[in-house]
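As stored in my_file_22.txt (compact mmCIF, N, CA and C atoms):
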```
# COMPACT_ATOMS: atom_id res chain seq x y z
N MET A 20 -60.35 -41.17 49.22
CA MET A 20 -60.19 -39.82 49.71
C MET A 20 -58.84 -39.28 49.24
N LYS A 21 -58.84 -38.07 48.79
CA LYS A 21 -57.60 -37.42 48.40
C LYS A 21 -56.88 -36.95 49.65
N THR A 22 -55.57 -37.00 49.63
CA THR A 22 -54.80 -36.58 50.80
C THR A 22 -54.90 -35.08 51.06
N ILE A 23 -55.28 -34.32 50.05
CA ILE A 23 -55.39 -32.87 50.23
C ILE A 23 -56.52 -32.53 51.22
N ASN A 24 -57.50 -33.40 51.36
CA ASN A 24 -58.62 -33.16 52.26
C ASN A 24 -58.36 -33.65 53.69
N PHE A 25 -57.21 -34.24 53.94
CA PHE A 25 -56.93 -34.82 55.25
C PHE A 25 -56.92 -33.78 56.39
N PRO A 26 -56.45 -32.55 56.21
CA PRO A 26 -56.49 -31.60 57.32
C PRO A 26 -57.89 -31.34 57.86
N TYR A 27 -58.90 -31.37 57.00
CA TYR A 27 -60.27 -31.19 57.48
C TYR A 27 -60.67 -32.34 58.41
N LEU A 28 -60.35 -33.54 58.01
CA LEU A 28 -60.64 -34.72 58.83
C LEU A 28 -59.82 -34.69 60.13
N ALA A 29 -58.56 -34.30 60.02
CA ALA A 29 -57.69 -34.24 61.20
C ALA A 29 -58.20 -33.20 62.20
N LEU A 30 -58.69 -32.08 61.69
CA LEU A 30 -59.20 -31.05 62.59
C LEU A 30 -60.45 -31.54 63.32
N ALA A 31 -61.38 -32.15 62.60
CA ALA A 31 -62.61 -32.63 63.21
C ALA A 31 -62.33 -33.71 64.26
N LEU A 32 -61.51 -34.70 63.90
CA LEU A 32 -61.19 -35.76 64.85
C LEU A 32 -60.33 -35.24 66.01
N GLY A 33 -59.44 -34.31 65.71
CA GLY A 33 -58.59 -33.74 66.75
C GLY A 33 -59.40 -32.99 67.79
N LEU A 34 -60.38 -32.22 67.35
CA LEU A 34 -61.24 -31.50 68.30
C LEU A 34 -62.07 -32.46 69.15
N PHE A 35 -62.56 -33.53 68.51
CA PHE A 35 -63.31 -34.53 69.26
C PHE A 35 -62.42 -35.23 70.29
N LEU A 36 -61.22 -35.60 69.89
CA LEU A 36 -60.31 -36.29 70.82
C LEU A 36 -59.81 -35.34 71.91
N LEU A 37 -59.70 -34.06 71.61
CA LEU A 37 -59.35 -33.08 72.64
C LEU A 37 -60.44 -33.03 73.71
N MET A 38 -61.70 -33.09 73.27
CA MET A 38 -62.81 -33.11 74.22
C MET A 38 -62.77 -34.39 75.06
N VAL A 39 -62.48 -35.52 74.44
CA VAL A 39 -62.41 -36.79 75.17
C VAL A 39 -61.31 -36.75 76.22
N VAL A 40 -60.13 -36.28 75.84
CA VAL A 40 -59.01 -36.23 76.78
C VAL A 40 -59.27 -35.21 77.88
N SER A 41 -59.86 -34.07 77.53
CA SER A 41 -60.13 -33.05 78.54
C SER A 41 -61.17 -33.53 79.55
N LYS A 42 -62.25 -34.11 79.08
CA LYS A 42 -63.28 -34.61 79.99
C LYS A 42 -62.80 -35.86 80.74
N GLY A 43 -62.01 -36.69 80.09
CA GLY A 43 -61.53 -37.91 80.72
C GLY A 43 -60.47 -37.67 81.78
N SER A 44 -59.80 -36.54 81.72
CA SER A 44 -58.75 -36.27 82.70
C SER A 44 -59.24 -35.50 83.92
N GLU A 45 -60.53 -35.16 83.95
CA GLU A 45 -61.09 -34.50 85.12
C GLU A 45 -61.14 -35.49 86.28
N THR A 46 -60.78 -35.00 87.46
CA THR A 46 -60.77 -35.87 88.63
C THR A 46 -62.02 -35.63 89.47
N ASP A 47 -62.43 -36.67 90.17
CA ASP A 47 -63.56 -36.53 91.09
C ASP A 47 -63.05 -36.19 92.48
N ALA A 48 -63.90 -36.27 93.47
CA ALA A 48 -63.52 -35.91 94.83
C ALA A 48 -62.43 -36.82 95.40
N ALA A 49 -62.39 -38.07 94.94
CA ALA A 49 -61.40 -39.02 95.43
C ALA A 49 -60.07 -38.91 94.67
N GLY A 50 -60.02 -38.06 93.65
CA GLY A 50 -58.79 -37.90 92.88
C GLY A 50 -58.63 -38.91 91.76
N ILE A 51 -59.71 -39.57 91.37
CA ILE A 51 -59.67 -40.57 90.31
C ILE A 51 -60.19 -39.94 89.02
N THR A 52 -59.46 -40.18 87.93
CA THR A 52 -59.89 -39.63 86.65
C THR A 52 -61.01 -40.47 86.04
N ALA A 53 -61.77 -39.87 85.12
CA ALA A 53 -62.88 -40.57 84.49
C ALA A 53 -62.39 -41.69 83.60
N LEU A 54 -61.24 -41.52 82.94
CA LEU A 54 -60.63 -42.55 82.12
C LEU A 54 -59.29 -42.94 82.73
N PRO A 55 -58.86 -44.18 82.57
CA PRO A 55 -57.54 -44.57 83.08
C PRO A 55 -56.43 -43.77 82.42
N LEU A 56 -55.33 -43.60 83.15
CA LEU A 56 -54.22 -42.77 82.66
C LEU A 56 -53.64 -43.30 81.37
N LEU A 57 -53.47 -44.60 81.24
CA LEU A 57 -52.91 -45.17 80.02
C LEU A 57 -53.81 -44.90 78.82
N THR A 58 -55.10 -44.98 79.01
CA THR A 58 -56.05 -44.66 77.94
C THR A 58 -55.93 -43.21 77.52
N LEU A 59 -55.83 -42.32 78.49
CA LEU A 59 -55.67 -40.90 78.20
C LEU A 59 -54.39 -40.63 77.42
N LEU A 60 -53.31 -41.28 77.81
CA LEU A 60 -52.04 -41.07 77.12
C LEU A 60 -52.06 -41.60 75.69
N ILE A 61 -52.69 -42.75 75.49
CA ILE A 61 -52.76 -43.34 74.15
C ILE A 61 -53.64 -42.48 73.24
N VAL A 62 -54.79 -42.05 73.73
CA VAL A 62 -55.67 -41.19 72.93
C VAL A 62 -54.97 -39.88 72.61
N ASN A 63 -54.26 -39.31 73.59
CA ASN A 63 -53.54 -38.06 73.38
C ASN A 63 -52.44 -38.23 72.32
N GLU A 64 -51.72 -39.33 72.39
CA GLU A 64 -50.64 -39.56 71.43
C GLU A 64 -51.20 -39.77 70.01
N CYS A 65 -52.27 -40.53 69.89
CA CYS A 65 -52.87 -40.73 68.57
C CYS A 65 -53.39 -39.41 68.00
N ALA A 66 -54.01 -38.61 68.85
CA ALA A 66 -54.51 -37.31 68.40
C ALA A 66 -53.37 -36.38 68.02
N PHE A 67 -52.25 -36.46 68.73
CA PHE A 67 -51.08 -35.66 68.38
C PHE A 67 -50.59 -36.01 66.97
N PHE A 68 -50.42 -37.30 66.69
CA PHE A 68 -49.95 -37.71 65.38
C PHE A 68 -50.96 -37.37 64.28
N LEU A 69 -52.24 -37.51 64.58
CA LEU A 69 -53.27 -37.18 63.61
C LEU A 69 -53.22 -35.70 63.24
N SER A 70 -53.13 -34.83 64.23
CA SER A 70 -53.09 -33.40 63.94
C SER A 70 -51.75 -32.98 63.33
N ALA A 71 -50.67 -33.65 63.71
CA ALA A 71 -49.37 -33.34 63.11
C ALA A 71 -49.33 -33.70 61.63
N VAL A 72 -49.91 -34.82 61.28
CA VAL A 72 -49.98 -35.21 59.87
C VAL A 72 -50.89 -34.25 59.10
N GLY A 73 -52.00 -33.86 59.72
CA GLY A 73 -52.88 -32.87 59.09
C GLY A 73 -52.17 -31.55 58.85
N ALA A 74 -51.37 -31.11 59.82
CA ALA A 74 -50.60 -29.87 59.67
C ALA A 74 -49.54 -30.03 58.58
N PHE A 75 -48.89 -31.17 58.53
CA PHE A 75 -47.85 -31.42 57.52
C PHE A 75 -48.44 -31.39 56.11
N ILE A 76 -49.54 -32.09 55.92
CA ILE A 76 -50.16 -32.13 54.60
C ILE A 76 -50.68 -30.74 54.22
N GLY A 77 -51.24 -30.03 55.19
CA GLY A 77 -51.73 -28.69 54.92
C GLY A 77 -50.61 -27.73 54.53
N ILE A 78 -49.50 -27.78 55.24
CA ILE A 78 -48.36 -26.91 54.91
C ILE A 78 -47.78 -27.28 53.54
N LYS A 79 -47.74 -28.58 53.27
CA LYS A 79 -47.23 -29.04 51.97
C LYS A 79 -48.10 -28.51 50.83
N HIS A 80 -49.42 -28.53 51.02
CA HIS A 80 -50.31 -28.01 49.99
C HIS A 80 -50.20 -26.49 49.87
N LEU A 81 -50.13 -25.81 51.01
CA LEU A 81 -49.99 -24.35 50.96
C LEU A 81 -48.68 -23.93 50.31
N LYS A 82 -47.67 -24.77 50.44
CA LYS A 82 -46.39 -24.48 49.79
C LYS A 82 -46.52 -24.55 48.27
N THR A 83 -47.37 -25.44 47.78
CA THR A 83 -47.55 -25.55 46.33
C THR A 83 -48.26 -24.33 45.75
N ILE A 84 -49.07 -23.64 46.56
CA ILE A 84 -49.74 -22.43 46.08
C ILE A 84 -49.02 -21.17 46.57
N ASN A 85 -47.76 -21.35 46.98
CA ASN A 85 -46.90 -20.25 47.43
C ASN A 85 -47.47 -19.47 48.61
N PHE A 86 -48.11 -20.17 49.51
CA PHE A 86 -48.68 -19.61 50.73
C PHE A 86 -49.59 -18.41 50.45
N ASN A 87 -50.30 -18.45 49.33
CA ASN A 87 -51.26 -17.41 49.00
C ASN A 87 -52.56 -17.75 49.74
N ILE A 88 -52.72 -17.15 50.90
CA ILE A 88 -53.84 -17.47 51.79
C ILE A 88 -55.17 -17.04 51.17
N LYS A 89 -55.14 -16.04 50.32
CA LYS A 89 -56.38 -15.55 49.72
C LYS A 89 -57.00 -16.56 48.76
N LEU A 90 -56.20 -17.48 48.23
CA LEU A 90 -56.75 -18.50 47.33
C LEU A 90 -57.62 -19.51 48.08
N GLU A 91 -57.15 -19.94 49.22
CA GLU A 91 -57.88 -20.94 50.01
C GLU A 91 -57.85 -20.55 51.49
N PRO A 92 -58.70 -19.61 51.90
CA PRO A 92 -58.66 -19.15 53.30
C PRO A 92 -59.12 -20.21 54.30
N LEU A 93 -60.12 -21.00 53.94
CA LEU A 93 -60.60 -22.04 54.85
C LEU A 93 -59.54 -23.12 55.06
N TYR A 94 -58.86 -23.48 54.00
CA TYR A 94 -57.80 -24.49 54.09
C TYR A 94 -56.64 -23.97 54.93
N SER A 95 -56.30 -22.70 54.76
CA SER A 95 -55.23 -22.09 55.55
C SER A 95 -55.59 -22.06 57.03
N MET A 96 -56.83 -21.69 57.33
CA MET A 96 -57.27 -21.65 58.72
C MET A 96 -57.28 -23.05 59.33
N THR A 97 -57.69 -24.04 58.55
CA THR A 97 -57.70 -25.43 59.03
C THR A 97 -56.27 -25.90 59.33
N THR A 98 -55.33 -25.52 58.47
CA THR A 98 -53.93 -25.91 58.69
C THR A 98 -53.38 -25.26 59.95
N VAL A 99 -53.69 -24.00 60.17
CA VAL A 99 -53.23 -23.31 61.38
C VAL A 99 -53.84 -23.94 62.62
N LEU A 100 -55.10 -24.30 62.55
CA LEU A 100 -55.74 -24.95 63.69
C LEU A 100 -55.15 -26.33 63.96
N CYS A 101 -54.75 -27.05 62.92
CA CYS A 101 -54.07 -28.33 63.11
C CYS A 101 -52.72 -28.13 63.80
N ILE A 102 -52.01 -27.07 63.43
CA ILE A 102 -50.74 -26.77 64.09
C ILE A 102 -50.97 -26.46 65.57
N LEU A 103 -52.01 -25.66 65.85
CA LEU A 103 -52.31 -25.33 67.25
C LEU A 103 -52.75 -26.56 68.04
N LEU A 104 -53.49 -27.45 67.40
CA LEU A 104 -53.88 -28.69 68.08
C LEU A 104 -52.67 -29.56 68.38
N THR A 105 -51.71 -29.58 67.48
CA THR A 105 -50.49 -30.35 67.72
C THR A 105 -49.76 -29.82 68.94
N VAL A 106 -49.66 -28.52 69.05
CA VAL A 106 -49.01 -27.91 70.22
C VAL A 106 -49.82 -28.22 71.49
N GLN A 107 -51.14 -28.11 71.39
CA GLN A 107 -52.00 -28.38 72.56
C GLN A 107 -51.86 -29.82 73.02
N PHE A 108 -51.84 -30.77 72.10
CA PHE A 108 -51.70 -32.18 72.50
C PHE A 108 -50.31 -32.45 73.08
N THR A 109 -49.30 -31.74 72.60
CA THR A 109 -47.97 -31.89 73.20
C THR A 109 -47.98 -31.43 74.65
N LEU A 110 -48.53 -30.26 74.90
CA LEU A 110 -48.58 -29.73 76.26
C LEU A 110 -49.47 -30.57 77.17
N LEU A 111 -50.58 -31.04 76.63
CA LEU A 111 -51.48 -31.88 77.42
C LEU A 111 -50.83 -33.22 77.76
N GLY A 112 -50.06 -33.77 76.82
CA GLY A 112 -49.35 -35.03 77.09
C GLY A 112 -48.30 -34.87 78.18
N ILE A 113 -47.60 -33.73 78.17
CA ILE A 113 -46.62 -33.47 79.22
C ILE A 113 -47.31 -33.29 80.56
N LYS A 114 -48.47 -32.64 80.56
CA LYS A 114 -49.22 -32.44 81.80
C LYS A 114 -49.76 -33.77 82.35
N LEU A 115 -50.19 -34.65 81.46
CA LEU A 115 -50.75 -35.93 81.90
C LEU A 115 -49.69 -36.90 82.40
N TRP A 116 -48.50 -36.80 81.88
CA TRP A 116 -47.46 -37.79 82.20
C TRP A 116 -47.07 -37.68 83.67
N PRO A 117 -47.19 -38.79 84.42
CA PRO A 117 -46.82 -38.72 85.84
C PRO A 117 -45.31 -38.75 86.03
N LEU A 118 -44.82 -37.80 86.78
CA LEU A 118 -43.38 -37.73 87.03
C LEU A 118 -43.07 -38.11 88.46
```
As structure tokens, how would this structure be written, given the file I've shared?
Amino acid sequence: MKTINFPYLALALGLFLLMVVSKGSETDAAGITALPLLTLLIVNECAFFLSAVGAFIGIKHLKTINFNIKLEPLYSMTTVLCILLTVQFTLLGIKLWPL
């Protein structure tokens, strides 16, 4: 696989892992989550790094084409979504962390 295609993979896996963390962190009537807290934190951290690397590679490629979004609009949109997923996983990790 070429590294230029990694943002597409990162976006797909990131969205799937976002669904896993979102559904796994729902509590029932007793206040127990569907997945253990440590599992949620590990999945969230892995998804954060996955989407951050996807955003980094995407920005690096867009820099080589001088950020001309009209050349590769799908790739640009995928990179922006990877950036947004990185922010979402950061906020979700802070929310999950017990203080």
Can you work out which one of A:Ser70, A:Thr97, A:Ser44, A:Thr105 has the shortest atom-to-atom distance to A:Leu32, counting only C-alpha atoms? A:Ser70
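Take atom CA of A:Leu93 and atom CA of A:Val62: the distance between them is 26.8 Å.
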Using only C-alpha atoms, which residues sit within 10 Å of A:Leu34 once same-chain residues fewer than 5 positions away are excluded, as a PDB file with N, CA and C atoms, keeping the file's coordinate frame?
```pdb
ATOM      1  N   ALA A  29     -58.560 -34.300  60.020  1.00  0.00           N
ATOM      2  CA  ALA A  29     -57.690 -34.240  61.200  1.00  0.00           C
ATOM      3  C   ALA A  29     -58.200 -33.200  62.200  1.00  0.00           C
ATOM      4  N   VAL A  39     -62.480 -35.520  74.440  1.00  0.00           N
ATOM      5  CA  VAL A  39     -62.410 -36.790  75.170  1.00  0.00           C
ATOM      6  C   VAL A  39     -61.310 -36.750  76.220  1.00  0.00           C
ATOM      7  N   VAL A  40     -60.130 -36.280  75.840  1.00  0.00           N
ATOM      8  CA  VAL A  40     -59.010 -36.230  76.780  1.00  0.00           C
ATOM      9  C   VAL A  40     -59.270 -35.210  77.880  1.00  0.00           C
ATOM     10  N   ALA A  66     -54.010 -38.610  68.850  1.00  0.00           N
ATOM     11  CA  ALA A  66     -54.510 -37.310  68.400  1.00  0.00           C
ATOM     12  C   ALA A  66     -53.370 -36.380  68.020  1.00  0.00           C
ATOM     13  N   SER A  70     -53.130 -34.830  64.230  1.00  0.00           N
ATOM     14  CA  SER A  70     -53.090 -33.400  63.940  1.00  0.00           C
ATOM     15  C   SER A  70     -51.750 -32.980  63.330  1.00  0.00           C
ATOM     16  N   LEU A 100     -55.100 -24.300  62.550  1.00  0.00           N
ATOM     17  CA  LEU A 100     -55.740 -24.950  63.690  1.00  0.00           C
ATOM     18  C   LEU A 100     -55.150 -26.330  63.960  1.00  0.00           C
ATOM     19  N   CYS A 101     -54.750 -27.050  62.920  1.00  0.00           N
ATOM     20  CA  CYS A 101     -54.070 -28.330  63.110  1.00  0.00           C
ATOM     21  C   CYS A 101     -52.720 -28.130  63.800  1.00  0.00           C
ATOM     22  N   LEU A 104     -53.490 -27.450  67.400  1.00  0.00           N
ATOM     23  CA  LEU A 104     -53.880 -28.690  68.080  1.00  0.00           C
ATOM     24  C   LEU A 104     -52.670 -29.560  68.380  1.00  0.00           C
TER      25      LEU A 104
END
```
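Interatomic distance, atom CA of A:Leu30 to atom CA of A:Gly77: 11.0 Å.
Distances from A:Pro117, A:Phe35, A:Ile102, A:Leu56 to A:Phe75 were compared using only N, CA and C atoms, and the smallest one belongs to A:Ile102.
From atom CA of A:Asn24 back to atom C of A:Leu60, the distance works out to 25.8 Å.
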Expected answer as an MDAnalysis selection string: helix (DSSP H, G or I) residues in chain A: chainID A and resid 22:43 56:83 92:115
What's the 6 Å shell around A:Gly43, counting all atoms listed in the file, without same-chain residues fewer than 6 positions away, as a PyMOL selection string? chain A and resi 52-54
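Each of A:Ile76, A:Leu57, A:Lys42, A:Phe67 was checked against A:Phe25 using all atoms listed in the file; the smallest atom-to-atom distance is that of A:Ile76.
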